[in-house]
$ cat query-v3.cif   # mmCIF, C-alpha atoms
data_query
#
loop_
_atom_site.group_PDB
_atom_site.id
_atom_site.type_symbol
_atom_site.label_atom_id
_atom_site.label_comp_id
_atom_site.auth_asym_id
_atom_site.auth_seq_id
_atom_site.Cartn_x
_atom_site.Cartn_y
_atom_site.Cartn_z
ATOM 1 C CA MET A 1059 -41.548 70.862 -22.559
ATOM 2 C CA THR A 1060 -39.332 68.747 -20.352
ATOM 3 C CA ARG A 1061 -40.110 67.210 -17.003
ATOM 4 C CA HIS A 1062 -38.598 69.260 -14.207
ATOM 5 C CA SER A 1063 -36.127 67.647 -11.884
ATOM 6 C CA ALA A 1064 -36.700 67.717 -8.137
ATOM 7 C CA ASP A 1065 -34.013 70.338 -7.433
ATOM 8 C CA GLN A 1066 -35.745 72.811 -9.756
ATOM 9 C CA HIS A 1067 -38.572 73.158 -7.279
ATOM 10 C CA ASP A 1068 -36.466 75.213 -4.905
ATOM 11 C CA THR A 1069 -34.888 77.421 -7.545
ATOM 12 C CA PRO A 1070 -36.488 80.600 -8.941
ATOM 13 C CA GLN A 1071 -38.423 80.044 -12.156
ATOM 14 C CA PRO A 1072 -38.321 83.335 -14.092
ATOM 15 C CA LEU A 1073 -39.499 81.706 -17.321
ATOM 16 C CA ALA A 1074 -42.533 80.236 -15.552
ATOM 17 C CA ALA A 1075 -43.277 83.663 -14.074
ATOM 18 C CA PHE A 1076 -42.996 85.259 -17.503
ATOM 19 C CA LEU A 1077 -45.299 82.635 -19.013
ATOM 20 C CA ALA A 1078 -47.800 83.213 -16.197
ATOM 21 C CA PHE A 1079 -47.832 86.871 -17.229
ATOM 22 C CA VAL A 1080 -48.223 86.014 -20.920
ATOM 23 C CA PHE A 1081 -51.411 84.063 -20.252
ATOM 24 C CA PRO A 1082 -53.102 83.175 -16.939
ATOM 25 C CA GLY A 1083 -52.244 79.600 -16.001
ATOM 26 C CA LEU A 1084 -49.471 79.163 -18.572
ATOM 27 C CA GLY A 1085 -46.740 79.396 -15.936
ATOM 28 C CA HIS A 1086 -48.198 76.539 -13.904
ATOM 29 C CA LEU A 1087 -48.682 74.547 -17.078
ATOM 30 C CA TYR A 1088 -44.960 74.994 -17.791
ATOM 31 C CA LEU A 1089 -44.262 73.690 -14.275
ATOM 32 C CA ARG A 1090 -46.331 70.589 -15.103
ATOM 33 C CA GLN A 1091 -49.138 71.557 -12.699
ATOM 34 C CA ARG A 1092 -51.959 71.136 -15.142
ATOM 35 C CA ARG A 1093 -54.868 71.238 -12.729
ATOM 36 C CA ARG A 1094 -53.510 74.284 -10.936
ATOM 37 C CA ALA A 1095 -53.010 75.969 -14.311
ATOM 38 C CA ALA A 1096 -56.599 75.266 -15.322
ATOM 39 C CA MET A 1097 -58.000 76.629 -12.066
ATOM 40 C CA VAL A 1098 -55.843 79.773 -12.203
ATOM 41 C CA ALA A 1099 -56.994 80.372 -15.790
ATOM 42 C CA LEU A 1100 -60.628 79.767 -14.824
ATOM 43 C CA GLY A 1101 -60.489 82.135 -11.867
ATOM 44 C CA VAL A 1102 -58.530 84.941 -13.526
ATOM 45 C CA LEU A 1103 -60.246 84.841 -16.904
ATOM 46 C CA GLY A 1104 -63.620 84.296 -15.235
ATOM 47 C CA LEU A 1105 -63.176 87.533 -13.313
ATOM 48 C CA PHE A 1106 -61.887 89.374 -16.367
ATOM 49 C CA VAL A 1107 -64.769 88.225 -18.588
ATOM 50 C CA THR A 1108 -67.293 88.949 -15.830
ATOM 51 C CA GLY A 1109 -65.966 92.508 -15.642
ATOM 52 C CA LEU A 1110 -66.131 93.015 -19.400
ATOM 53 C CA ALA A 1111 -69.578 91.441 -19.664
ATOM 54 C CA THR A 1112 -70.901 93.619 -16.837
ATOM 55 C CA ALA A 1113 -69.505 97.055 -17.619
ATOM 56 C CA GLY A 1114 -68.524 96.595 -21.242
ATOM 57 C CA ILE A 1115 -65.126 97.378 -22.671
ATOM 58 C CA ASP A 1116 -64.854 100.580 -20.636
ATOM 59 C CA ALA A 1117 -63.976 98.373 -17.642
ATOM 60 C CA VAL A 1118 -60.453 98.259 -19.114
ATOM 61 C CA ASP A 1119 -59.323 101.786 -19.883
ATOM 62 C CA SER A 1120 -55.693 102.769 -19.378
ATOM 63 C CA GLY A 1121 -56.148 106.097 -21.094
ATOM 64 C CA GLY A 1122 -53.467 104.968 -23.544
ATOM 65 C CA TRP A 1123 -50.460 106.048 -21.467
ATOM 66 C CA TYR A 1124 -48.293 103.231 -22.810
ATOM 67 C CA ILE A 1125 -49.122 104.225 -26.395
ATOM 68 C CA THR A 1126 -47.856 107.743 -25.690
ATOM 69 C CA ARG A 1127 -44.768 106.375 -23.911
ATOM 70 C CA PHE A 1128 -44.002 104.007 -26.787
ATOM 71 C CA ASN A 1129 -44.340 106.800 -29.337
ATOM 72 C CA ARG A 1130 -41.994 109.017 -27.322
ATOM 73 C CA MET A 1131 -39.456 106.208 -27.068
ATOM 74 C CA THR A 1132 -39.556 105.616 -30.807
ATOM 75 C CA GLY A 1133 -39.406 109.347 -31.621
ATOM 76 C CA ARG A 1134 -42.914 109.545 -33.049
ATOM 77 C CA PRO A 1135 -45.377 112.298 -32.187
ATOM 78 C CA ALA A 1136 -47.893 111.557 -29.471
ATOM 79 C CA PRO A 1137 -51.262 110.664 -31.029
ATOM 80 C CA PHE A 1138 -53.101 112.724 -28.405
ATOM 81 C CA THR A 1139 -52.300 115.297 -25.761
ATOM 82 C CA ARG A 1140 -55.062 114.580 -23.257
ATOM 83 C CA THR A 1141 -57.050 111.507 -22.410
ATOM 84 C CA ASP A 1142 -59.672 110.177 -20.076
ATOM 85 C CA GLY A 1143 -59.540 106.701 -18.566
ATOM 86 C CA ASP A 1144 -58.670 104.880 -15.379
ATOM 87 C CA PRO A 1145 -54.872 104.446 -15.444
ATOM 88 C CA ILE A 1146 -54.678 103.625 -11.723
ATOM 89 C CA TRP A 1147 -57.083 100.706 -12.115
ATOM 90 C CA PHE A 1148 -55.208 99.581 -15.201
ATOM 91 C CA LEU A 1149 -52.085 99.174 -13.046
ATOM 92 C CA GLY A 1150 -53.909 96.208 -11.503
ATOM 93 C CA GLU A 1151 -55.590 94.989 -14.680
ATOM 94 C CA MET A 1152 -52.351 94.888 -16.647
ATOM 95 C CA PHE A 1153 -51.158 91.836 -14.704
ATOM 96 C CA CYS A 1154 -53.608 89.801 -16.796
ATOM 97 C CA GLY A 1155 -50.913 90.274 -19.439
ATOM 98 C CA PRO A 1156 -51.469 90.576 -23.188
ATOM 99 C CA VAL A 1157 -55.161 89.806 -22.729
ATOM 100 C CA ALA A 1158 -55.613 93.073 -20.811
ATOM 101 C CA PHE A 1159 -53.250 95.036 -23.049
ATOM 102 C CA GLY A 1160 -54.995 93.692 -26.170
ATOM 103 C CA VAL A 1161 -58.456 94.640 -24.919
ATOM 104 C CA ASP A 1162 -57.203 98.053 -23.841
ATOM 105 C CA TYR A 1163 -55.329 98.694 -27.103
ATOM 106 C CA TYR A 1164 -58.459 97.841 -29.092
ATOM 107 C CA HIS A 1165 -60.437 100.160 -26.824
ATOM 108 C CA GLN A 1166 -58.012 103.080 -27.214
ATOM 109 C CA THR A 1167 -57.311 102.787 -30.933
ATOM 110 C CA ARG A 1168 -60.544 101.429 -32.432
ATOM 111 C CA LEU A 1169 -63.354 102.631 -30.195
ATOM 112 C CA LYS A 1170 -62.369 105.964 -28.646
ATOM 113 C CA VAL A 1171 -62.565 109.225 -30.548
ATOM 114 C CA LEU A 1172 -59.944 111.941 -30.951
ATOM 115 C CA ASP A 1173 -61.664 115.302 -30.748
ATOM 116 C CA ASN A 1174 -60.562 118.738 -31.986
ATOM 117 C CA THR A 1175 -58.631 119.455 -28.782
ATOM 118 C CA ASP A 1176 -56.520 116.297 -29.355
ATOM 119 C CA THR A 1177 -58.262 114.604 -26.447
ATOM 120 C CA LEU A 1178 -58.733 110.855 -26.705
ATOM 121 C CA ARG A 1179 -62.116 110.180 -25.140
ATOM 122 C CA THR A 1180 -65.246 108.067 -25.211
ATOM 123 C CA ALA A 1181 -67.703 109.109 -27.913
ATOM 124 C CA LEU A 1182 -70.722 110.950 -26.516
ATOM 125 C CA PRO A 1183 -74.208 109.409 -26.903
ATOM 126 C CA ASN A 1184 -74.974 111.680 -29.884
ATOM 127 C CA GLU A 1185 -71.749 110.997 -31.730
ATOM 128 C CA ILE A 1186 -70.428 108.269 -33.977
ATOM 129 C CA ARG A 1187 -66.797 107.528 -34.736
ATOM 130 C CA ASP A 1188 -65.210 108.017 -38.146
ATOM 131 C CA PRO A 1189 -63.303 104.731 -38.527
ATOM 132 C CA LYS A 1190 -60.700 106.295 -40.849
ATOM 133 C CA THR A 1191 -59.740 109.346 -38.814
ATOM 134 C CA GLY A 1192 -61.025 108.400 -35.361
ATOM 135 C CA ARG A 1193 -62.773 111.776 -35.178
ATOM 136 C CA PRO A 1194 -66.240 112.112 -33.602
ATOM 137 C CA ILE A 1195 -69.184 113.025 -35.833
ATOM 138 C CA GLN A 1196 -72.231 114.605 -34.246
ATOM 139 C CA VAL A 1197 -75.367 112.845 -35.509
ATOM 140 C CA ARG A 1198 -78.027 114.126 -33.094
ATOM 141 C CA ASP A 1199 -78.756 117.358 -31.348
ATOM 142 C CA ASP A 1200 -77.487 117.329 -27.761
ATOM 143 C CA GLU A 1201 -80.588 118.894 -26.239
ATOM 144 C CA ASN A 1202 -83.611 117.457 -28.026
ATOM 145 C CA LYS A 1203 -81.998 114.408 -29.680
ATOM 146 C CA THR A 1204 -83.161 115.550 -33.109
ATOM 147 C CA ALA A 1205 -81.526 113.721 -36.004
ATOM 148 C CA LEU A 1206 -78.896 115.791 -37.824
ATOM 149 C CA GLN A 1207 -77.549 115.747 -41.352
ATOM 150 C CA PHE A 1208 -74.022 114.379 -41.458
ATOM 151 C CA THR A 1209 -71.540 112.922 -43.913
ATOM 152 C CA ASP A 1210 -71.614 109.148 -43.589
ATOM 153 C CA PRO A 1211 -67.955 108.054 -43.318
ATOM 154 C CA ALA A 1212 -68.797 104.724 -44.950
ATOM 155 C CA THR A 1213 -70.357 106.160 -48.126
ATOM 156 C CA GLY A 1214 -69.148 109.767 -48.127
ATOM 157 C CA ARG A 1215 -72.731 110.955 -48.681
ATOM 158 C CA GLN A 1216 -74.839 113.352 -46.658
ATOM 159 C CA ARG A 1217 -77.771 111.788 -44.876
ATOM 160 C CA LEU A 1218 -80.018 112.110 -41.863
ATOM 161 C CA SER A 1219 -78.967 110.035 -38.873
ATOM 162 C CA THR A 1220 -80.975 107.016 -37.739
ATOM 163 C CA PRO A 1221 -81.100 105.195 -34.363
ATOM 164 C CA GLN A 1222 -78.518 102.782 -35.760
ATOM 165 C CA ASP A 1223 -75.943 105.587 -35.791
ATOM 166 C CA ARG A 1224 -74.542 105.037 -32.331
ATOM 167 C CA PRO A 1225 -71.243 105.540 -30.546
ATOM 168 C CA PRO A 1226 -68.888 102.518 -30.682
ATOM 169 C CA TYR A 1227 -69.737 101.657 -27.089
ATOM 170 C CA VAL A 1228 -71.677 103.008 -24.138
ATOM 171 C CA LYS A 1229 -69.860 104.230 -21.050
ATOM 172 C CA PRO A 1230 -71.062 102.424 -17.895
ATOM 173 C CA LEU A 1231 -72.256 104.393 -14.905
ATOM 174 C CA ALA A 1232 -72.416 104.045 -11.142
ATOM 175 C CA ARG A 1233 -72.270 100.571 -9.547
ATOM 176 C CA VAL A 1234 -72.168 98.699 -12.859
ATOM 177 C CA ALA A 1235 -69.024 100.609 -13.849
ATOM 178 C CA GLU A 1236 -67.475 99.988 -10.446
ATOM 179 C CA ILE A 1237 -68.197 96.255 -10.493
ATOM 180 C CA GLY A 1238 -66.762 95.849 -13.993
ATOM 181 C CA THR A 1239 -63.560 97.743 -13.229
ATOM 182 C CA LEU A 1240 -63.167 96.058 -9.848
ATOM 183 C CA SER A 1241 -63.659 92.596 -11.333
ATOM 184 C CA CYS A 1242 -61.014 93.145 -14.041
ATOM 185 C CA THR A 1243 -58.590 94.634 -11.495
ATOM 186 C CA LEU A 1244 -59.094 91.677 -9.150
ATOM 187 C CA ALA A 1245 -58.329 89.388 -12.091
ATOM 188 C CA GLY A 1246 -54.996 91.153 -12.591
ATOM 189 C CA MET A 1247 -54.153 91.088 -8.888
ATOM 190 C CA LEU A 1248 -54.913 87.359 -8.643
ATOM 191 C CA ASN A 1249 -52.769 86.684 -11.682
ATOM 192 C CA LEU A 1250 -49.976 88.615 -9.961
ATOM 193 C CA ILE A 1251 -50.273 86.149 -7.065
ATOM 194 C CA ALA A 1252 -50.076 83.311 -9.606
ATOM 195 C CA ILE A 1253 -47.012 84.918 -11.238
ATOM 196 C CA ILE A 1254 -45.242 85.137 -7.866
ATOM 197 C CA ASP A 1255 -46.294 81.565 -7.085
ATOM 198 C CA CYS A 1256 -44.731 80.399 -10.352
ATOM 199 C CA ALA A 1257 -41.568 82.407 -9.742
ATOM 200 C CA PHE A 1258 -40.959 80.664 -6.404
ATOM 201 C CA ASN A 1259 -42.348 77.239 -7.144
ATOM 202 C CA ARG A 1260 -42.190 75.050 -4.031
ATOM 203 C CA ARG A 1261 -44.551 72.117 -4.591
ATOM 204 C CA ARG A 1262 -42.754 68.826 -4.980
ATOM 205 C CA GLU A 1263 -45.294 66.657 -3.147
ATOM 206 C CA GLU A 1264 -48.253 68.236 -4.970
ATOM 207 C CA ASP A 1265 -46.615 67.569 -8.336
ATOM 208 C CA GLU A 1266 -46.324 63.923 -7.418
ATOM 209 C CA ASP A 1267 -50.047 63.873 -6.621
ATOM 210 C CA GLU A 1268 -50.821 65.341 -9.997
ATOM 211 C CA GLY A 1269 -48.519 62.902 -11.701
ATOM 212 C CA ALA A 1270 -50.267 60.018 -9.981
ATOM 213 C CA ALA A 1271 -53.652 61.336 -10.975
ATOM 214 C CA SER A 1272 -52.806 61.830 -14.658
ATOM 215 C CA MET B 813 -87.600 113.926 -36.691
ATOM 216 C CA ASN B 814 -87.406 113.185 -33.011
ATOM 217 C CA LEU B 815 -85.666 110.006 -32.063
ATOM 218 C CA PRO B 816 -86.379 108.182 -28.841
ATOM 219 C CA LEU B 817 -83.564 108.258 -26.337
ATOM 220 C CA LEU B 818 -81.393 105.219 -26.855
ATOM 221 C CA THR B 819 -81.615 102.814 -23.994
ATOM 222 C CA LEU B 820 -79.325 99.935 -23.148
ATOM 223 C CA ALA B 821 -82.150 97.438 -23.561
ATOM 224 C CA ASP B 822 -82.711 98.551 -27.169
ATOM 225 C CA SER B 823 -79.551 97.094 -28.601
ATOM 226 C CA TRP B 824 -77.101 95.772 -26.115
ATOM 227 C CA ARG B 825 -73.746 94.838 -27.651
ATOM 228 C CA PRO B 826 -71.965 92.190 -25.565
ATOM 229 C CA PHE B 827 -68.589 93.244 -24.143
ATOM 230 C CA LEU B 828 -69.050 96.766 -25.527
ATOM 231 C CA ASP B 829 -72.067 98.102 -23.670
ATOM 232 C CA PRO B 830 -72.755 97.738 -19.950
ATOM 233 C CA ILE B 831 -75.640 95.569 -18.858
ATOM 234 C CA ASP B 832 -78.621 97.158 -17.175
ATOM 235 C CA ALA B 833 -77.858 95.751 -13.737
ATOM 236 C CA HIS B 834 -78.520 98.855 -11.647
ATOM 237 C CA SER B 835 -81.276 97.108 -9.679
ATOM 238 C CA PHE B 836 -79.375 93.911 -8.890
ATOM 239 C CA TRP B 837 -75.705 94.934 -9.023
ATOM 240 C CA TYR B 838 -75.040 93.520 -5.562
ATOM 241 C CA LEU B 839 -75.695 89.968 -6.811
ATOM 242 C CA PHE B 840 -72.391 90.149 -8.688
ATOM 243 C CA LEU B 841 -70.741 89.657 -5.307
ATOM 244 C CA VAL B 842 -71.411 85.912 -5.674
ATOM 245 C CA PRO B 843 -69.669 85.193 -9.025
ATOM 246 C CA ILE B 844 -66.825 87.580 -8.185
ATOM 247 C CA SER B 845 -66.283 85.853 -4.828
ATOM 248 C CA PHE B 846 -66.446 82.458 -6.527
ATOM 249 C CA PHE B 847 -63.815 83.303 -9.147
ATOM 250 C CA ILE B 848 -61.573 84.900 -6.511
ATOM 251 C CA ALA B 849 -61.817 81.697 -4.474
ATOM 252 C CA VAL B 850 -61.113 79.506 -7.520
ATOM 253 C CA ALA B 851 -57.919 81.379 -8.426
ATOM 254 C CA TYR B 852 -56.719 81.988 -4.871
ATOM 255 C CA LYS B 853 -57.242 78.418 -3.685
ATOM 256 C CA ALA B 854 -55.539 77.149 -6.859
ATOM 257 C CA VAL B 855 -52.268 78.716 -5.739
ATOM 258 C CA ARG B 856 -52.875 78.170 -2.013
ATOM 259 C CA VAL B 857 -53.719 74.474 -1.626
ATOM 260 C CA LYS B 858 -50.973 71.878 -1.494
ATOM 261 C CA THR B 859 -53.054 69.171 -3.132
ATOM 262 C CA PHE B 860 -56.372 69.280 -4.944
ATOM 263 C CA LYS B 861 -58.036 66.891 -2.561
ATOM 264 C CA GLY B 862 -61.056 68.797 -1.211
ATOM 265 C CA TYR B 863 -60.333 71.726 -3.522
ATOM 266 C CA TRP B 864 -63.952 72.497 -4.435
ATOM 267 C CA THR B 865 -64.984 72.323 -0.785
ATOM 268 C CA ALA B 866 -62.287 74.877 0.031
ATOM 269 C CA VAL B 867 -63.514 77.056 -2.841
ATOM 270 C CA ALA B 868 -67.110 76.850 -1.581
ATOM 271 C CA VAL B 869 -66.062 77.680 1.980
ATOM 272 C CA MET B 870 -64.018 80.675 0.859
ATOM 273 C CA THR B 871 -66.859 81.928 -1.375
ATOM 274 C CA VAL B 872 -69.273 81.759 1.551
ATOM 275 C CA GLN B 873 -66.698 83.458 3.803
ATOM 276 C CA ILE B 874 -66.287 86.381 1.406
ATOM 277 C CA VAL B 875 -70.038 86.814 0.881
ATOM 278 C CA THR B 876 -70.727 86.551 4.615
ATOM 279 C CA GLY B 877 -67.928 88.992 5.405
ATOM 280 C CA MET B 878 -69.242 91.541 2.925
ATOM 281 C CA LEU B 879 -72.773 91.179 4.289
ATOM 282 C CA ALA B 880 -71.446 91.658 7.816
ATOM 283 C CA LEU B 881 -69.598 94.790 6.690
ATOM 284 C CA ALA B 882 -72.791 96.087 5.045
ATOM 285 C CA VAL B 883 -74.770 95.542 8.258
ATOM 286 C CA ALA B 884 -72.024 97.148 10.343
ATOM 287 C CA PHE B 885 -71.881 100.236 8.119
ATOM 288 C CA TYR B 886 -75.676 100.460 8.072
ATOM 289 C CA LEU B 887 -75.719 100.485 11.850
ATOM 290 C CA LEU B 888 -72.903 103.027 11.993
ATOM 291 C CA VAL B 889 -74.416 105.414 9.436
ATOM 292 C CA GLN B 890 -78.179 105.013 9.962
ATOM 293 C CA VAL B 891 -78.700 103.801 13.555
ATOM 294 C CA TYR B 892 -75.755 105.125 15.569
ATOM 295 C CA PRO B 893 -76.448 108.854 14.884
ATOM 296 C CA LYS B 894 -80.033 108.437 16.141
ATOM 297 C CA VAL B 895 -78.887 106.711 19.323
ATOM 298 C CA VAL B 896 -76.198 109.248 20.208
#

$ encode --input "query-v3.cif" --output "structure tokens"
Amino acid sequence: MTRHSADQHDTPQPLAAFLAFVFPGLGHLYLRQRRRAAMVALGVLGLFVTGLATAGIDAVDSGGWYITRFNRMTGRPAPFTRTDGDPIWFLGEMFCGPVAFGVDYYHQTRLKVLDNTDTLRTALPNEIRDPKTGRPIQVRDDENKTALQFTDPATGRQRLSTPQDRPPYVKPLARVAEIGTLSCTLAGMLNLIAIIDCAFNRRREEDEDEGAAS
Amino acid sequence: MNLPLLTLADSWRPFLDPIDAHSFWYLFLVPISFFIAVAYKAVRVKTFKGYWTAVAVMTVQIVTGMLALAVAFYLLVQVYPKVV
């Protein structure tokens, strides 16, 4: 990483903007604004982690639209025809970059279930997920919660379900769900501000301050 | 065999399950406001002299503003219809 000359401060910095998208704070780090980079990372990732810790992984749920788009582009069949999720909120969250896409991809491909109607959805409270096929397996009766016999995907044997047989995650409800989704979306929106700030870097005097401090 | 209904408190899995914060959800306004202020002031200030003071002021401004909005909406929804 080279020291930037003074005239670079008034020129657009697309690489810095791209790096800011790749990881919160990385763009400012590229522009040699270490303290600013650390604070951007703290603020953005703090919000993102707060959202995930509050509402669980369901706070980031694109519905997998980019997976379908990618499959169409590459000529592969769509893995599902219908999906749940919050794609509008993900439009804000995605500006956290690969962090948000990674969390969402894990959510869509490792935690959600693909039911018989080819709908990608959250597993219901009485279902578990077959890790090989991604299909839901009913392990308790919906009405009285009675344990059911099912084929354990891990062993291939029939057995009665236990309380440990749970869905991969629990869907948040009400205010907790709202706070989690809002927090992750705010993280993305703030990182968008940081991306724009990197793209039009204008801080010569501040850089000198940082240089003097370091 | 009847199984008890699974509750969040039974076996909470961090970052997978939601926390049981339905009785104190509004307290999350404080950390969210703080992190917003940290990131926003990081790109807003020219120098980092007095940065944390600016962050504290902005955090208080957001929290106060939200409380003011809550009071205003309470008055509009609960009190105003009785007066009119």

$ interface_residues --input "query-v3.cif" --of "chain A" --to "chain B" --cutoff "8 Å" --atoms "all atoms listed in the file" --output "PDB file with C-alpha atoms, in the frame of the given file"
ATOM      1  CA  ARG A1094     -53.510  74.284 -10.936  1.00  0.00           C
ATOM      2  CA  ALA A1095     -53.010  75.969 -14.311  1.00  0.00           C
ATOM      3  CA  MET A1097     -58.000  76.629 -12.066  1.00  0.00           C
ATOM      4  CA  VAL A1098     -55.843  79.773 -12.203  1.00  0.00           C
ATOM      5  CA  ALA A1099     -56.994  80.372 -15.790  1.00  0.00           C
ATOM      6  CA  LEU A1100     -60.628  79.767 -14.824  1.00  0.00           C
ATOM      7  CA  GLY A1101     -60.489  82.135 -11.867  1.00  0.00           C
ATOM      8  CA  VAL A1102     -58.530  84.941 -13.526  1.00  0.00           C
ATOM      9  CA  GLY A1104     -63.620  84.296 -15.235  1.00  0.00           C
ATOM     10  CA  LEU A1105     -63.176  87.533 -13.313  1.00  0.00           C
ATOM     11  CA  THR A1108     -67.293  88.949 -15.830  1.00  0.00           C
ATOM     12  CA  LEU A1110     -66.131  93.015 -19.400  1.00  0.00           C
ATOM     13  CA  ALA A1111     -69.578  91.441 -19.664  1.00  0.00           C
ATOM     14  CA  THR A1112     -70.901  93.619 -16.837  1.00  0.00           C
ATOM     15  CA  ALA A1113     -69.505  97.055 -17.619  1.00  0.00           C
ATOM     16  CA  GLY A1114     -68.524  96.595 -21.242  1.00  0.00           C
ATOM     17  CA  ILE A1115     -65.126  97.378 -22.671  1.00  0.00           C
ATOM     18  CA  ASP A1116     -64.854 100.580 -20.636  1.00  0.00           C
ATOM     19  CA  ASN A1202     -83.611 117.457 -28.026  1.00  0.00           C
ATOM     20  CA  LYS A1203     -81.998 114.408 -29.680  1.00  0.00           C
ATOM     21  CA  THR A1204     -83.161 115.550 -33.109  1.00  0.00           C
ATOM     22  CA  ALA A1205     -81.526 113.721 -36.004  1.00  0.00           C
ATOM     23  CA  THR A1220     -80.975 107.016 -37.739  1.00  0.00           C
ATOM     24  CA  PRO A1221     -81.100 105.195 -34.363  1.00  0.00           C
ATOM     25  CA  PRO A1226     -68.888 102.518 -30.682  1.00  0.00           C
ATOM     26  CA  TYR A1227     -69.737 101.657 -27.089  1.00  0.00           C
ATOM     27  CA  VAL A1228     -71.677 103.008 -24.138  1.00  0.00           C
ATOM     28  CA  LYS A1229     -69.860 104.230 -21.050  1.00  0.00           C
ATOM     29  CA  PRO A1230     -71.062 102.424 -17.895  1.00  0.00           C
ATOM     30  CA  ARG A1233     -72.270 100.571  -9.547  1.00  0.00           C
ATOM     31  CA  VAL A1234     -72.168  98.699 -12.859  1.00  0.00           C
ATOM     32  CA  ALA A1235     -69.024 100.609 -13.849  1.00  0.00           C
ATOM     33  CA  ILE A1237     -68.197  96.255 -10.493  1.00  0.00           C
ATOM     34  CA  SER A1241     -63.659  92.596 -11.333  1.00  0.00           C
ATOM     35  CA  LEU A1244     -59.094  91.677  -9.150  1.00  0.00           C
ATOM     36  CA  ALA A1245     -58.329  89.388 -12.091  1.00  0.00           C
ATOM     37  CA  LEU A1248     -54.913  87.359  -8.643  1.00  0.00           C
ATOM     38  CA  ILE A1251     -50.273  86.149  -7.065  1.00  0.00           C
ATOM     39  CA  ALA A1252     -50.076  83.311  -9.606  1.00  0.00           C
ATOM     40  CA  ASP A1255     -46.294  81.565  -7.085  1.00  0.00           C
ATOM     41  CA  ARG A1261     -44.551  72.117  -4.591  1.00  0.00           C
ATOM     42  CA  GLU A1263     -45.294  66.657  -3.147  1.00  0.00           C
ATOM     43  CA  GLU A1264     -48.253  68.236  -4.970  1.00  0.00           C
ATOM     44  CA  ASP A1267     -50.047  63.873  -6.621  1.00  0.00           C
TER      45      ASP A1267
END

$ residues_around --input "query-v3.cif" --residues "range 1133-1144 of chain A" --least-positions-apart "6" --cutoff "12 Å" --atoms "all atoms listed in the file" --output "PyMOL selection string"
chain A and resi 1115-1127+1150-1152+1162+1165-1167+1170-1181+1191-1193+1229+1235-1236+1239-1240+1243

$ axis_aligned_box --input "query-v3.cif" --around "range 1180-1191 of chain A" --padding-each-side "5 Å" --output "AutoDock Vina command-line options"
--center_x -67.4 --center_y 108.2 --center_z -33.0 --size_x 25.2 --size_y 16.9 --size_z 25.6

$ resolve_selection --input "query-v3.cif" --expression "the PyMOL selection byres ((chain A and resi 1079) around 9)" --output "mmCIF file with C-alpha atoms, in the frame of the given file"
data_model
loop_
_atom_site.group_PDB
_atom_site.id
_atom_site.type_symbol
_atom_site.label_atom_id
_atom_site.label_comp_id
_atom_site.auth_asym_id
_atom_site.auth_seq_id
_atom_site.Cartn_x
_atom_site.Cartn_y
_atom_site.Cartn_z
ATOM 1 C CA ALA A 1074 -42.533 80.236 -15.552
ATOM 2 C CA ALA A 1075 -43.277 83.663 -14.074
ATOM 3 C CA PHE A 1076 -42.996 85.259 -17.503
ATOM 4 C CA LEU A 1077 -45.299 82.635 -19.013
ATOM 5 C CA ALA A 1078 -47.800 83.213 -16.197
ATOM 6 C CA VAL A 1080 -48.223 86.014 -20.920
ATOM 7 C CA PHE A 1081 -51.411 84.063 -20.252
ATOM 8 C CA PRO A 1082 -53.102 83.175 -16.939
ATOM 9 C CA GLY A 1083 -52.244 79.600 -16.001
ATOM 10 C CA LEU A 1084 -49.471 79.163 -18.572
ATOM 11 C CA GLY A 1085 -46.740 79.396 -15.936
ATOM 12 C CA PHE A 1153 -51.158 91.836 -14.704
ATOM 13 C CA CYS A 1154 -53.608 89.801 -16.796
ATOM 14 C CA GLY A 1155 -50.913 90.274 -19.439
ATOM 15 C CA PRO A 1156 -51.469 90.576 -23.188
ATOM 16 C CA ASN A 1249 -52.769 86.684 -11.682
ATOM 17 C CA LEU A 1250 -49.976 88.615 -9.961
ATOM 18 C CA ALA A 1252 -50.076 83.311 -9.606
ATOM 19 C CA ILE A 1253 -47.012 84.918 -11.238
#

$ residues_near_point --input "query-v3.cif" --point "(-72.4, 108.3, -27.7)" --cutoff "6 Å" --atoms "all atoms listed in the file" --output "PyMOL selection string"
chain A and resi 1181-1185+1225

$ write_last_selection --input "query-v3.cif" --atoms "C-alpha atoms" --output "PDB file, keeping the file's coordinate frame"
ATOM      1  CA  ALA A1181     -67.703 109.109 -27.913  1.00  0.00           C
ATOM      2  CA  LEU A1182     -70.722 110.950 -26.516  1.00  0.00           C
ATOM      3  CA  PRO A1183     -74.208 109.409 -26.903  1.00  0.00           C
ATOM      4  CA  ASN A1184     -74.974 111.680 -29.884  1.00  0.00           C
ATOM      5  CA  GLU A1185     -71.749 110.997 -31.730  1.00  0.00           C
ATOM      6  CA  PRO A1225     -71.243 105.540 -30.546  1.00  0.00           C
TER       7      PRO A1225
END

$ residues_around --input "query-v3.cif" --residues "Phe1106 in chain A" --least-positions-apart "3" --cutoff "6 Å" --atoms "only C-alpha atoms" --output "VMD selection string"
chain A and resid 1103 1109 1242 1245

$ write_last_selection --input "query-v3.cif" --atoms "C-alpha atoms" --output "short mmCIF file (atom, residue, chain, number, x, y, z; two decimals), keeping the file's coordinate frame"
data_model
loop_
_atom_site.label_atom_id
_atom_site.label_comp_id
_atom_site.auth_asym_id
_atom_site.auth_seq_id
_atom_site.Cartn_x
_atom_site.Cartn_y
_atom_site.Cartn_z
CA LEU A 1103 -60.25 84.84 -16.90
CA GLY A 1109 -65.97 92.51 -15.64
CA CYS A 1242 -61.01 93.14 -14.04
CA ALA A 1245 -58.33 89.39 -12.09
#

$ atom_distance --input "query-v3.cif" --atom1 "CA of Leu1087 in chain A" --atom2 "CA of Pro1070 in chain A"
15.9 Å
